[in-house]
file target-v1.cif (mmCIF, C-alpha atoms)
data_structure
loop_
_atom_site.label_atom_id
_atom_site.label_comp_id
_atom_site.auth_asym_id
_atom_site.auth_seq_id
_atom_site.Cartn_x
_atom_site.Cartn_y
_atom_site.Cartn_z
CA MET A 1 0.00 0.00 0.00
CA THR A 2 1.41 3.39 -0.97
CA ILE A 3 1.86 6.15 1.54
CA GLU A 4 -0.86 8.14 -0.14
CA ALA A 5 -3.27 5.23 0.11
CA LYS A 6 -2.40 4.75 3.77
CA ASN A 7 -3.05 8.44 4.40
CA THR A 8 -6.39 8.17 2.64
CA VAL A 9 -7.40 5.15 4.75
CA ARG A 10 -6.38 6.96 7.93
CA TYR A 11 -8.29 10.03 6.82
CA VAL A 12 -11.42 8.01 6.14
CA ILE A 13 -11.17 6.17 9.49
CA ALA A 14 -10.70 9.47 11.31
CA LEU A 15 -13.65 10.98 9.44
CA LEU A 16 -15.89 7.99 10.24
CA CYS A 17 -14.96 8.22 13.94
CA ALA A 18 -15.58 11.97 13.95
CA VAL A 19 -18.94 11.62 12.20
CA GLY A 20 -19.92 8.74 14.54
CA VAL A 21 -19.10 10.60 17.74
CA GLY A 22 -20.35 13.95 16.41
CA GLY A 23 -23.57 12.38 15.18
CA TYR A 24 -24.16 10.73 18.54
CA PHE A 25 -23.63 14.02 20.36
CA LEU A 26 -26.03 15.84 18.01
CA TYR A 27 -28.61 13.08 18.54
CA ALA A 28 -28.11 13.28 22.31
CA ALA A 29 -28.29 17.07 22.45
CA TYR A 30 -31.58 17.43 20.55
CA PRO A 31 -34.04 16.26 23.27
CA LYS A 32 -32.16 18.24 25.89
CA ILE A 33 -32.46 21.41 23.82
CA ILE A 34 -36.16 20.77 23.22
CA GLU A 35 -36.92 20.12 26.90
CA PRO A 36 -34.25 21.58 29.21
CA ARG A 37 -36.52 21.32 32.24
CA GLN A 38 -36.43 17.53 31.98
CA PHE A 39 -32.67 17.63 31.58
CA ALA A 40 -32.46 19.82 34.71
CA ILE A 41 -34.27 17.06 36.60
CA ASP A 42 -31.83 14.48 35.24
CA ILE A 43 -28.91 16.63 36.43
CA LYS A 44 -30.59 17.15 39.78
CA ASN A 45 -30.80 13.38 40.26
CA TYR A 46 -27.00 13.16 40.20
CA GLN A 47 -26.90 15.26 43.40
CA ILE A 48 -23.68 16.97 42.30
CA LEU A 49 -24.68 20.52 41.44
CA PRO A 50 -26.28 23.03 43.80
CA GLN A 51 -29.95 23.67 43.08
CA GLN A 52 -29.42 27.17 41.67
CA TYR A 53 -27.07 26.03 38.87
CA LEU A 54 -29.24 23.20 37.52
CA ASN A 55 -31.07 25.33 34.95
CA LEU A 56 -27.88 27.07 33.88
CA VAL A 57 -26.17 23.79 33.06
CA ALA A 58 -29.32 22.29 31.53
CA LEU A 59 -29.62 25.22 29.14
CA TYR A 60 -25.94 25.61 28.28
CA LEU A 61 -24.51 22.07 28.13
CA PRO A 62 -26.59 20.75 25.17
CA TRP A 63 -25.49 23.68 23.01
CA ILE A 64 -21.86 23.04 23.86
CA GLU A 65 -22.46 19.44 22.74
CA VAL A 66 -23.93 20.65 19.45
CA PHE A 67 -21.15 23.03 18.50
CA ALA A 68 -18.38 20.76 19.75
CA ALA A 69 -19.88 17.94 17.65
CA ILE A 70 -19.94 20.16 14.57
CA ALA A 71 -16.34 21.23 15.25
CA LEU A 72 -15.36 17.58 15.56
CA ILE A 73 -16.89 16.67 12.21
CA VAL A 74 -15.35 19.62 10.34
CA PRO A 75 -11.70 18.66 9.61
CA ARG A 76 -10.33 22.15 10.11
CA THR A 77 -11.68 22.44 13.68
CA ARG A 78 -11.42 18.78 14.60
CA ARG A 79 -8.72 19.09 17.24
CA PRO A 80 -10.41 21.77 19.40
CA GLY A 81 -13.73 19.96 18.90
CA SER A 82 -12.20 16.71 20.07
CA ILE A 83 -10.69 18.42 23.14
CA ILE A 84 -14.13 19.66 24.22
CA ILE A 85 -15.82 16.33 23.45
CA ALA A 86 -13.13 14.41 25.33
CA GLY A 87 -13.50 16.78 28.29
CA LEU A 88 -17.27 16.29 28.31
CA LEU A 89 -16.93 12.50 28.10
CA LEU A 90 -14.44 12.41 30.97
CA PHE A 91 -16.77 14.59 33.01
CA PHE A 92 -19.72 12.29 32.23
CA VAL A 93 -17.71 9.21 33.24
CA ALA A 94 -16.77 10.89 36.53
CA ALA A 95 -20.36 12.00 37.18
CA VAL A 96 -21.87 8.57 36.45
CA SER A 97 -19.20 6.84 38.55
CA TYR A 98 -19.85 9.20 41.45
CA ALA A 99 -23.65 8.79 41.26
CA ALA A 100 -23.83 5.06 40.56
CA PHE A 101 -20.91 3.68 42.56
CA TYR A 102 -20.06 6.21 45.25
CA LYS A 103 -23.57 7.35 46.13
CA GLY A 104 -25.34 4.20 44.94
CA LEU A 105 -28.10 6.13 43.17
CA ASP A 106 -30.53 4.27 40.91
CA ILE A 107 -31.05 6.95 38.27
CA THR A 108 -31.22 7.30 34.51
CA CYS A 109 -28.08 8.82 33.00
CA GLY A 110 -29.97 11.55 31.11
CA CYS A 111 -27.54 11.12 28.22
CA THR A 112 -30.15 11.18 25.46
CA GLY A 113 -33.14 12.78 27.15
CA LYS A 114 -36.06 10.43 27.76
CA ASP A 115 -35.52 6.67 27.51
CA SER A 116 -31.93 7.17 28.66
CA ALA A 117 -30.15 4.14 30.02
CA ALA A 118 -29.56 3.71 33.73
CA ALA A 119 -26.42 5.37 35.07
CA GLY A 120 -23.95 2.54 35.55
CA TRP A 121 -21.35 0.35 33.86
CA PRO A 122 -22.96 0.27 30.39
CA THR A 123 -23.01 4.08 30.33
CA ILE A 124 -19.38 4.29 31.41
CA GLN A 125 -18.33 1.70 28.84
CA ARG A 126 -20.14 3.58 26.09
CA ASN A 127 -18.50 6.86 27.08
CA ILE A 128 -15.04 5.26 27.13
CA PHE A 129 -15.74 3.79 23.69
CA LEU A 130 -16.73 7.25 22.43
CA LEU A 131 -13.58 8.65 24.04
CA ILE A 132 -11.44 6.16 22.09
CA LEU A 133 -13.22 7.07 18.84
CA THR A 134 -12.64 10.76 19.60
CA ALA A 135 -8.95 10.13 20.17
CA ILE A 136 -8.72 8.24 16.87
CA ALA A 137 -10.50 11.06 15.06
CA ALA A 138 -8.12 13.64 16.50
CA LEU A 139 -4.81 11.79 16.38
CA LEU A 140 -4.87 10.03 13.01
CA PRO A 141 -3.16 12.22 10.41
CA ARG A 142 -5.26 13.93 7.81
CA LYS A 143 -5.06 13.27 4.11
CA THR A 144 -2.78 15.76 2.36
CA THR A 145 -4.83 17.49 -0.28
CA ALA A 146 -2.07 19.76 -1.65
CA PRO A 147 -0.17 18.38 -4.65
CA ALA A 148 3.11 16.73 -3.75
CA THR A 149 6.16 18.91 -4.17
CA GLY A 150 9.72 17.85 -4.79
CA PHE A 151 10.51 18.37 -1.11
CA ASP A 152 7.63 16.08 -0.07
CA VAL A 153 8.85 13.34 -2.35
CA ILE A 154 12.42 13.59 -1.08
CA SER A 155 11.36 13.69 2.54
CA LEU A 156 9.30 10.53 2.06
CA GLY A 157 12.32 8.78 0.58
CA ALA A 158 10.49 7.85 -2.60
CA THR A 159 13.19 9.17 -4.90
CA LYS A 160 16.82 10.12 -4.83
CA GLN A 161 16.52 12.44 -7.77
CA PRO A 162 17.62 16.02 -7.20
CA VAL A 163 14.78 18.38 -6.46
CA VAL A 164 15.52 20.51 -9.50
CA GLU A 165 15.29 17.51 -11.79
CA ARG A 166 12.01 16.31 -10.25
CA ILE A 167 10.38 19.69 -10.57
CA THR A 168 11.66 20.52 -14.01
CA GLY A 169 11.65 17.00 -15.36
CA MET B 1 -2.10 25.25 20.22
CA ARG B 2 -3.06 28.90 20.55
CA ARG B 3 -5.41 28.58 17.60
CA ASP B 4 -7.07 25.57 19.27
CA ALA B 5 -7.57 27.52 22.48
CA ILE B 6 -9.13 30.40 20.57
CA THR B 7 -11.41 27.99 18.67
CA ILE B 8 -12.51 26.39 21.94
CA LEU B 9 -13.33 29.79 23.39
CA VAL B 10 -15.28 30.68 20.26
CA ILE B 11 -17.27 27.41 20.49
CA LEU B 12 -18.09 28.08 24.15
CA LEU B 13 -19.10 31.64 23.32
CA ILE B 14 -21.34 30.60 20.41
CA SER B 15 -22.92 27.97 22.65
CA ALA B 16 -23.69 30.62 25.27
CA VAL B 17 -25.25 32.89 22.65
CA ALA B 18 -27.32 30.02 21.20
CA ALA B 19 -28.47 28.92 24.66
CA THR B 20 -29.48 32.46 25.53
CA ALA B 21 -31.34 32.93 22.24
CA ALA B 22 -33.13 29.58 22.57
CA ASN B 23 -34.12 30.26 26.15
CA THR B 24 -35.36 33.74 25.36
CA SER B 25 -37.47 32.65 22.40
CA TRP B 26 -38.65 29.15 23.50
CA HIS B 27 -38.33 28.20 27.11
CA GLY B 28 -38.26 31.31 29.27
CA LEU B 29 -36.59 29.28 31.98
CA ASP B 30 -34.91 31.10 34.84
CA TRP B 31 -31.15 30.71 34.56
CA ILE B 32 -30.85 30.52 38.30
CA ARG B 33 -33.15 27.89 39.74
CA ARG B 34 -34.88 28.86 42.93
CA PRO B 35 -35.71 26.12 45.41
CA PRO B 36 -39.46 25.47 45.77
CA ALA B 37 -41.18 27.05 48.73
CA VAL B 38 -41.51 24.79 51.74
CA VAL B 39 -44.90 24.41 53.38
CA HIS B 40 -44.34 24.23 57.11
CA ARG B 41 -45.76 21.22 58.87
CA ASP B 42 -47.17 23.23 61.80
CA PRO B 43 -50.35 25.01 60.73
CA LEU B 44 -51.19 28.53 61.83
CA PRO B 45 -53.77 28.93 64.61
CA ASN B 46 -56.51 29.16 61.96
CA GLY B 47 -55.51 25.75 60.62
CA ILE B 48 -54.04 27.00 57.32
CA PRO B 49 -50.58 25.66 56.47
CA GLN B 50 -47.96 28.38 56.43
CA GLU B 51 -45.93 28.86 53.29
CA GLY B 52 -42.55 30.28 54.03
CA ILE B 53 -38.94 30.72 53.05
CA PRO B 54 -37.15 27.50 52.06
CA GLN B 55 -35.29 26.14 55.02
CA GLU B 56 -32.23 23.98 55.23
CA VAL B 57 -33.18 20.59 56.63
CA ASP B 58 -30.45 18.16 57.52
CA ASP B 59 -30.48 14.75 55.84
CA GLU B 60 -31.21 12.84 59.02
CA THR B 61 -34.33 14.89 59.70
CA MET B 62 -35.43 14.42 56.08
CA MET B 63 -35.04 10.64 56.34
CA HIS B 64 -37.15 10.32 59.46
CA GLU B 65 -39.73 12.92 58.57
CA GLU B 66 -43.15 11.47 57.79
CA ARG B 67 -44.78 13.41 55.01
CA GLY B 68 -48.18 13.41 53.44
CA PRO B 69 -51.20 11.29 54.26
CA THR B 70 -51.13 8.17 56.40
CA ALA B 71 -51.84 4.73 54.98
CA GLU B 72 -55.36 4.86 56.46
CA LEU B 73 -56.07 8.16 54.75
CA VAL B 74 -54.73 6.84 51.44
CA LEU B 75 -57.06 3.84 51.73
CA GLU B 76 -59.94 6.21 52.40
CA TYR B 77 -59.08 8.19 49.27
CA LEU B 78 -58.95 4.97 47.27
CA HIS B 79 -62.29 3.74 48.63
CA ASN B 80 -64.09 7.02 48.09
CA GLU B 81 -62.18 7.96 44.92
CA THR B 82 -61.69 11.46 46.30
CA ALA B 83 -58.08 11.84 45.16
CA CYS B 84 -56.09 11.17 42.01
CA PHE B 85 -52.98 9.06 42.35
CA VAL B 86 -49.79 9.61 40.44
CA ASP B 87 -47.12 6.91 40.23
CA ALA B 88 -43.68 8.52 39.86
CA ARG B 89 -41.73 5.27 39.42
CA GLU B 90 -40.19 3.94 36.23
CA HIS B 91 -42.12 2.03 33.56
CA HIS B 92 -41.11 -1.51 34.57
CA GLU B 93 -42.00 -0.83 38.20
CA PHE B 94 -45.38 0.53 37.17
CA ILE B 95 -46.11 -2.55 35.07
CA ASP B 96 -45.16 -4.85 37.95
CA GLY B 97 -47.84 -3.24 40.09
CA HIS B 98 -49.46 0.07 40.91
CA LEU B 99 -52.49 1.48 42.67
CA ARG B 100 -55.73 1.18 40.75
CA GLY B 101 -56.42 4.33 38.74
CA ALA B 102 -52.93 5.71 39.28
CA PHE B 103 -51.57 7.87 36.50
CA HIS B 104 -48.08 6.90 35.42
CA LEU B 105 -45.82 9.95 35.45
CA PRO B 106 -42.18 8.86 35.84
CA SER B 107 -39.82 11.54 37.04
CA SER B 108 -37.45 10.66 34.17
CA ALA B 109 -40.02 11.81 31.59
CA VAL B 110 -42.29 14.06 33.59
CA TYR B 111 -42.49 16.92 31.07
CA ASP B 112 -43.24 14.57 28.19
CA ARG B 113 -46.51 13.52 29.79
CA MET B 114 -47.74 16.80 31.24
CA ASP B 115 -50.23 17.36 28.40
CA ASP B 116 -51.86 14.01 29.24
CA VAL B 117 -51.82 14.86 32.93
CA ILE B 118 -53.60 18.16 32.37
CA SER B 119 -56.26 16.51 30.21
CA MET B 120 -56.87 13.69 32.70
CA LEU B 121 -56.35 15.09 36.19
CA PRO B 122 -58.41 18.07 37.38
CA VAL B 123 -56.18 20.95 38.40
CA ASP B 124 -58.30 21.76 41.45
CA GLY B 125 -58.48 18.17 42.71
CA LYS B 126 -56.38 16.44 45.32
CA VAL B 127 -53.37 14.61 43.94
CA ILE B 128 -51.35 12.01 45.84
CA VAL B 129 -47.91 11.23 44.43
CA TYR B 130 -46.01 8.11 45.38
CA CYS B 131 -42.81 6.41 44.30
CA GLY B 132 -40.83 3.46 45.62
CA GLY B 133 -40.84 4.68 49.21
CA GLY B 134 -37.95 4.94 51.61
CA GLY B 135 -37.12 8.54 50.75
CA CYS B 136 -37.00 8.22 46.95
CA GLU B 137 -36.82 11.60 45.26
CA ALA B 138 -39.03 10.88 42.26
CA SER B 139 -42.15 11.98 44.17
CA ASP B 140 -40.56 15.32 45.07
CA THR B 141 -39.64 15.97 41.45
CA VAL B 142 -43.11 15.11 40.16
CA ARG B 143 -44.79 17.12 42.91
CA ASP B 144 -42.68 20.19 42.08
CA VAL B 145 -43.60 19.94 38.39
CA LEU B 146 -47.32 19.45 39.16
CA ILE B 147 -47.25 22.55 41.36
CA GLU B 148 -45.44 24.39 38.58
CA TYR B 149 -48.35 23.50 36.27
CA GLY B 150 -50.95 24.85 38.69
CA TYR B 151 -51.92 21.82 40.76
CA ALA B 152 -52.45 23.30 44.20
CA ASP B 153 -53.34 20.29 46.34
CA VAL B 154 -50.48 17.85 45.81
CA GLU B 155 -49.27 15.56 48.57
CA ILE B 156 -46.66 12.84 48.73
CA TYR B 157 -47.44 9.43 50.16
CA ASP B 158 -44.04 9.02 51.73
CA ASN B 159 -44.21 5.27 52.40
CA GLY B 160 -44.75 4.79 48.69
CA TRP B 161 -44.91 1.39 47.07
CA GLU B 162 -43.01 -0.19 49.99
CA GLY B 163 -45.82 0.91 52.26
CA VAL B 164 -48.44 -0.46 49.89
CA MET B 165 -46.77 -3.86 49.72
CA ALA B 166 -46.04 -4.00 53.46
CA THR B 167 -49.68 -4.65 54.31
CA ASP B 168 -52.53 -6.62 52.74
CA THR B 169 -55.03 -3.80 53.21
CA PHE B 170 -54.11 -2.40 49.79
CA ASP B 171 -54.48 -5.72 47.96
CA GLU B 172 -57.84 -4.94 46.39
CA PHE B 173 -56.39 -1.71 44.92
CA ILE B 174 -53.26 -3.19 43.34
CA VAL B 175 -53.27 -3.81 39.60
CA THR B 176 -50.56 -4.75 37.11
CA GLY B 177 -49.86 -3.84 33.50
CA THR B 178 -50.37 -0.52 31.77
CA GLY B 179 -54.07 -0.52 30.97
CA ASP B 180 -55.33 1.19 34.09
CA GLU B 181 -53.84 4.64 33.98
CA ASP B 182 -56.96 6.71 33.89
#

call {"tool": "encode", "arguments": {"input": "target-v1.cif", "output": "structure tokens"}}
result
Amino acid sequence: MTIEAKNTVRYVIALLCAVGVGGYFLYAAYPKIIEPRQFAIDIKNYQILPQQYLNLVALYLPWIEVFAAIALIVPRTRRPGSIIIAGLLLFFVAAVSYAAFYKGLDITCGCTGKDSAAAGWPTIQRNIFLLILTAIAALLPRKTTAPATGFDVISLGATKQPVVERITG
Amino acid sequence: MRRDAITILVILLISAVAATAANTSWHGLDWIRRPPAVVHRDPLPNGIPQEGIPQEVDDETMMHEERGPTAELVLEYLHNETACFVDAREHHEFIDGHLRGAFHLPSSAVYDRMDDVISMLPVDGKVIVYCGGGGCEASDTVRDVLIEYGYADVEIYDNGWEGVMATDTFDEFIVTGTGDED
């Protein structure tokens, strides 16, 4: 497989991971944007935030998910998007662990609005899986779209011809 | 790295603007959530419960505090059909068993069903909310939302489903499945 083909495969894998995670976050954000009061109740059930900040987080967090997901899907803003998404996922893992294992609460995770799964191991596993996909999306190199120059070819070791000859020849 | 930091800040800023715009045009939700008013247990000399400033109650007091009607009173409501019952537990718990005529309003989807609640339960009637019992918070959540929607006479049966199952006096009022919500 040529280097260019490898780069293309990596690019496609990264894109698929980004679209998968970004799509999931958009899907999860929609019901929370439509009904933030329900999401505020879900957050309240975690017993982490003080009462007065529940609405603030319920209104703000879904929109962060939306724009971070879009940033993740767009190649140019993928890295900052992935940083936010990874931060959110780590926070969710910590919150679910605290609620389910430390406090022993039997609550729904509130991840996707109504019909959310219970906060517990399956939720944590899913978030870790999404975290891995996010890392793949961010760390795999992108496909180079600019035409190869003589310097690129030399640096890749594909030819020992002088640069001047490659360019002019 | 600096460009990433700037992009992250821009994303957070756009999110804040979008959240503000959405809340202004759709929801009208207060950004700062105020705790619901607490109705004091001790009535005034004229017998009217006193509504006052929310008070901090320590967890131990909360756990041992009996709230709402007694089991005998709940049975009386069931016999005479003078109160509507709302089951705040999750779907599978409701199917396993609930009080006859109880409306299923799980705290995890309370706003999704409020239209049905308003069409089925009279706003000026007495409403008794119950959940699993033993200090579960689902009843509190559902009660707060019902009050928010204008239901004035909402009480919590604190013993909840544990209390119902602890005695055989409720047996004739226990049904299973989903077909008995109204």

call {"tool": "closest_residue", "arguments": {"input": "target-v1.cif", "among": "B:Cys136, B:Ala102, B:Val74, B:Met120", "to": "chain A", "atoms": "only C-alpha atoms"}}
result
B:Cys136

call {"tool": "resolve_selection", "arguments": {"input": "target-v1.cif", "expression": "the PyMOL selection byres ((chain A) within 8 of (chain B))", "output": "short mmCIF file (atom, residue, chain, number, x, y, z; two decimals) with C-alpha atoms, keeping the file's coordinate frame"}}
result
data_model
loop_
_atom_site.label_atom_id
_atom_site.label_comp_id
_atom_site.auth_asym_id
_atom_site.auth_seq_id
_atom_site.Cartn_x
_atom_site.Cartn_y
_atom_site.Cartn_z
CA GLU A 35 -36.92 20.12 26.90
CA ARG A 37 -36.52 21.32 32.24
CA GLN A 38 -36.43 17.53 31.98
CA ILE A 41 -34.27 17.06 36.60
CA ASP A 42 -31.83 14.48 35.24
CA GLN A 51 -29.95 23.67 43.08
CA GLN A 52 -29.42 27.17 41.67
CA TYR A 53 -27.07 26.03 38.87
CA LEU A 54 -29.24 23.20 37.52
CA ASN A 55 -31.07 25.33 34.95
CA LEU A 56 -27.88 27.07 33.88
CA LEU A 59 -29.62 25.22 29.14
CA TYR A 60 -25.94 25.61 28.28
CA TRP A 63 -25.49 23.68 23.01
CA ILE A 64 -21.86 23.04 23.86
CA PHE A 67 -21.15 23.03 18.50
CA ALA A 68 -18.38 20.76 19.75
CA THR A 77 -11.68 22.44 13.68
CA ARG A 79 -8.72 19.09 17.24
CA PRO A 80 -10.41 21.77 19.40
CA GLY A 81 -13.73 19.96 18.90
CA ILE A 84 -14.13 19.66 24.22
CA THR A 108 -31.22 7.30 34.51
CA LYS A 114 -36.06 10.43 27.76
CA ASP A 115 -35.52 6.67 27.51
#

call {"tool": "residues_near_point", "arguments": {"input": "target-v1.cif", "point": "(-45.2, 2.0, 45.7)", "cutoff": "10 Å", "atoms": "all atoms listed in the file", "output": "PyMOL selection string"}}
result
chain B and resi 87-89+93-94+97-99+129-134+157-166+174

call {"tool": "closest_residue", "arguments": {"input": "target-v1.cif", "among": "B:Leu146, B:Thr82, B:Ala71, B:Gly125", "to": "B:Leu105", "atoms": "all atoms listed in the file"}}
result
B:Leu146

call {"tool": "resolve_selection", "arguments": {"input": "target-v1.cif", "expression": "the PyMOL selection byres ((chain A and resi 90-106) around 12)", "output": "number ranges by chain"}}
result
A: 42-49, 61, 82-89, 107-111, 117-132, 134; B: 89-90, 108, 132, 136-138

call {"tool": "atom_distance", "arguments": {"input": "target-v1.cif", "atom1": "atom CA of B:Asp140", "atom2": "atom CA of A:Ala40"}}
result
13.9 Å

call {"tool": "closest_residue", "arguments": {"input": "target-v1.cif", "among": "A:Ala135, A:Ala69, A:Thr8, A:Arg78", "to": "A:Val21", "atoms": "all atoms listed in the file"}}
result
A:Ala69

call {"tool": "atom_distance", "arguments": {"input": "target-v1.cif", "atom1": "atom CA of A:Arg76", "atom2": "atom CA of A:Ala138"}}
result
10.9 Å

call {"tool": "resolve_selection", "arguments": {"input": "target-v1.cif", "expression": "the PyMOL selection byres ((chain B and resi 79) around 12)", "output": "MDAnalysis selection string"}}
result
chainID B and resid 72:78 80:84 99:101 169:170 172:173

call {"tool": "atom_distance", "arguments": {"input": "target-v1.cif", "atom1": "atom CA of A:Tyr27", "atom2": "atom CA of A:Phe39"}}
result
14.4 Å

call {"tool": "axis_aligned_box", "arguments": {"input": "target-v1.cif", "around": "stretch 15-31 of chain B", "padding_each_side": "8 Å", "output": "lines of an AutoDock Vina configuration file"}}
result
center_x = -30.8
center_y = 30.9
center_z = 28.0
size_x = 31.7
size_y = 21.8
size_z = 29.6

call {"tool": "closest_residue", "arguments": {"input": "target-v1.cif", "among": "B:Pro69, B:His92, B:Ile147, B:Thr24", "to": "B:Gly177", "atoms": "all atoms listed in the file"}}
result
B:His92

call {"tool": "residues_around", "arguments": {"input": "target-v1.cif", "residues": "A:Ala28", "least_positions_apart": "2", "cutoff": "9 Å", "atoms": "only C-alpha atoms", "output": "number ranges by chain"}}
result
A: 23-26, 30-32, 62, 65-66, 111-113

call {"tool": "build_atoms", "arguments": {"input": "target-v1.cif", "residues": "stretch 23-43 of chain A", "atoms": "N, CA and C atoms", "output": "PDB file, in the frame of the given file"}}
result
ATOM      1  N   GLY A  23     -22.162  12.709  15.410  1.00  0.00           N
ATOM      2  CA  GLY A  23     -23.570  12.380  15.180  1.00  0.00           C
ATOM      3  C   GLY A  23     -24.266  11.959  16.458  1.00  0.00           C
ATOM      4  N   TYR A  24     -23.569  11.158  17.267  1.00  0.00           N
ATOM      5  CA  TYR A  24     -24.160  10.730  18.540  1.00  0.00           C
ATOM      6  C   TYR A  24     -24.422  11.935  19.448  1.00  0.00           C
ATOM      7  N   PHE A  25     -23.457  12.849  19.494  1.00  0.00           N
ATOM      8  CA  PHE A  25     -23.630  14.020  20.360  1.00  0.00           C
ATOM      9  C   PHE A  25     -24.765  14.914  19.864  1.00  0.00           C
ATOM     10  N   LEU A  26     -24.918  15.043  18.547  1.00  0.00           N
ATOM     11  CA  LEU A  26     -26.030  15.840  18.010  1.00  0.00           C
ATOM     12  C   LEU A  26     -27.364  15.180  18.363  1.00  0.00           C
ATOM     13  N   TYR A  27     -27.400  13.840  18.208  1.00  0.00           N
ATOM     14  CA  TYR A  27     -28.610  13.080  18.540  1.00  0.00           C
ATOM     15  C   TYR A  27     -28.942  13.225  20.026  1.00  0.00           C
ATOM     16  N   ALA A  28     -27.895  13.199  20.859  1.00  0.00           N
ATOM     17  CA  ALA A  28     -28.110  13.280  22.310  1.00  0.00           C
ATOM     18  C   ALA A  28     -28.510  14.683  22.747  1.00  0.00           C
ATOM     19  N   ALA A  29     -28.026  15.677  22.035  1.00  0.00           N
ATOM     20  CA  ALA A  29     -28.290  17.070  22.450  1.00  0.00           C
ATOM     21  C   ALA A  29     -29.717  17.500  22.115  1.00  0.00           C
ATOM     22  N   TYR A  30     -30.280  16.943  21.051  1.00  0.00           N
ATOM     23  CA  TYR A  30     -31.580  17.430  20.550  1.00  0.00           C
ATOM     24  C   TYR A  30     -32.690  17.411  21.623  1.00  0.00           C
ATOM     25  N   PRO A  31     -32.960  16.248  22.267  1.00  0.00           N
ATOM     26  CA  PRO A  31     -34.040  16.260  23.270  1.00  0.00           C
ATOM     27  C   PRO A  31     -33.757  17.168  24.454  1.00  0.00           C
ATOM     28  N   LYS A  32     -32.484  17.368  24.761  1.00  0.00           N
ATOM     29  CA  LYS A  32     -32.160  18.240  25.890  1.00  0.00           C
ATOM     30  C   LYS A  32     -32.401  19.704  25.534  1.00  0.00           C
ATOM     31  N   ILE A  33     -32.188  20.033  24.266  1.00  0.00           N
ATOM     32  CA  ILE A  33     -32.460  21.410  23.820  1.00  0.00           C
ATOM     33  C   ILE A  33     -33.963  21.652  23.781  1.00  0.00           C
ATOM     34  N   ILE A  34     -34.702  20.640  23.317  1.00  0.00           N
ATOM     35  CA  ILE A  34     -36.160  20.770  23.220  1.00  0.00           C
ATOM     36  C   ILE A  34     -36.798  20.902  24.611  1.00  0.00           C
ATOM     37  N   GLU A  35     -36.313  20.113  25.571  1.00  0.00           N
ATOM     38  CA  GLU A  35     -36.920  20.120  26.900  1.00  0.00           C
ATOM     39  C   GLU A  35     -35.858  20.237  27.998  1.00  0.00           C
ATOM     40  N   PRO A  36     -35.308  21.434  28.197  1.00  0.00           N
ATOM     41  CA  PRO A  36     -34.250  21.580  29.210  1.00  0.00           C
ATOM     42  C   PRO A  36     -34.721  21.352  30.636  1.00  0.00           C
ATOM     43  N   ARG A  37     -36.030  21.528  30.872  1.00  0.00           N
ATOM     44  CA  ARG A  37     -36.520  21.320  32.240  1.00  0.00           C
ATOM     45  C   ARG A  37     -36.364  19.859  32.659  1.00  0.00           C
ATOM     46  N   GLN A  38     -36.621  18.958  31.680  1.00  0.00           N
ATOM     47  CA  GLN A  38     -36.430  17.530  31.980  1.00  0.00           C
ATOM     48  C   GLN A  38     -34.951  17.226  32.217  1.00  0.00           C
ATOM     49  N   PHE A  39     -34.108  17.857  31.414  1.00  0.00           N
ATOM     50  CA  PHE A  39     -32.670  17.630  31.580  1.00  0.00           C
ATOM     51  C   PHE A  39     -32.204  18.164  32.944  1.00  0.00           C
ATOM     52  N   ALA A  40     -32.804  19.274  33.384  1.00  0.00           N
ATOM     53  CA  ALA A  40     -32.460  19.820  34.710  1.00  0.00           C
ATOM     54  C   ALA A  40     -32.790  18.809  35.806  1.00  0.00           C
ATOM     55  N   ILE A  41     -33.909  18.092  35.617  1.00  0.00           N
ATOM     56  CA  ILE A  41     -34.270  17.060  36.600  1.00  0.00           C
ATOM     57  C   ILE A  41     -33.248  15.927  36.573  1.00  0.00           C
ATOM     58  N   ASP A  42     -32.838  15.542  35.359  1.00  0.00           N
ATOM     59  CA  ASP A  42     -31.830  14.480  35.240  1.00  0.00           C
ATOM     60  C   ASP A  42     -30.530  14.880  35.945  1.00  0.00           C
ATOM     61  N   ILE A  43     -30.144  16.153  35.777  1.00  0.00           N
ATOM     62  CA  ILE A  43     -28.910  16.630  36.430  1.00  0.00           C
ATOM     63  C   ILE A  43     -29.105  16.651  37.948  1.00  0.00           C
TER      64      ILE A  43
END
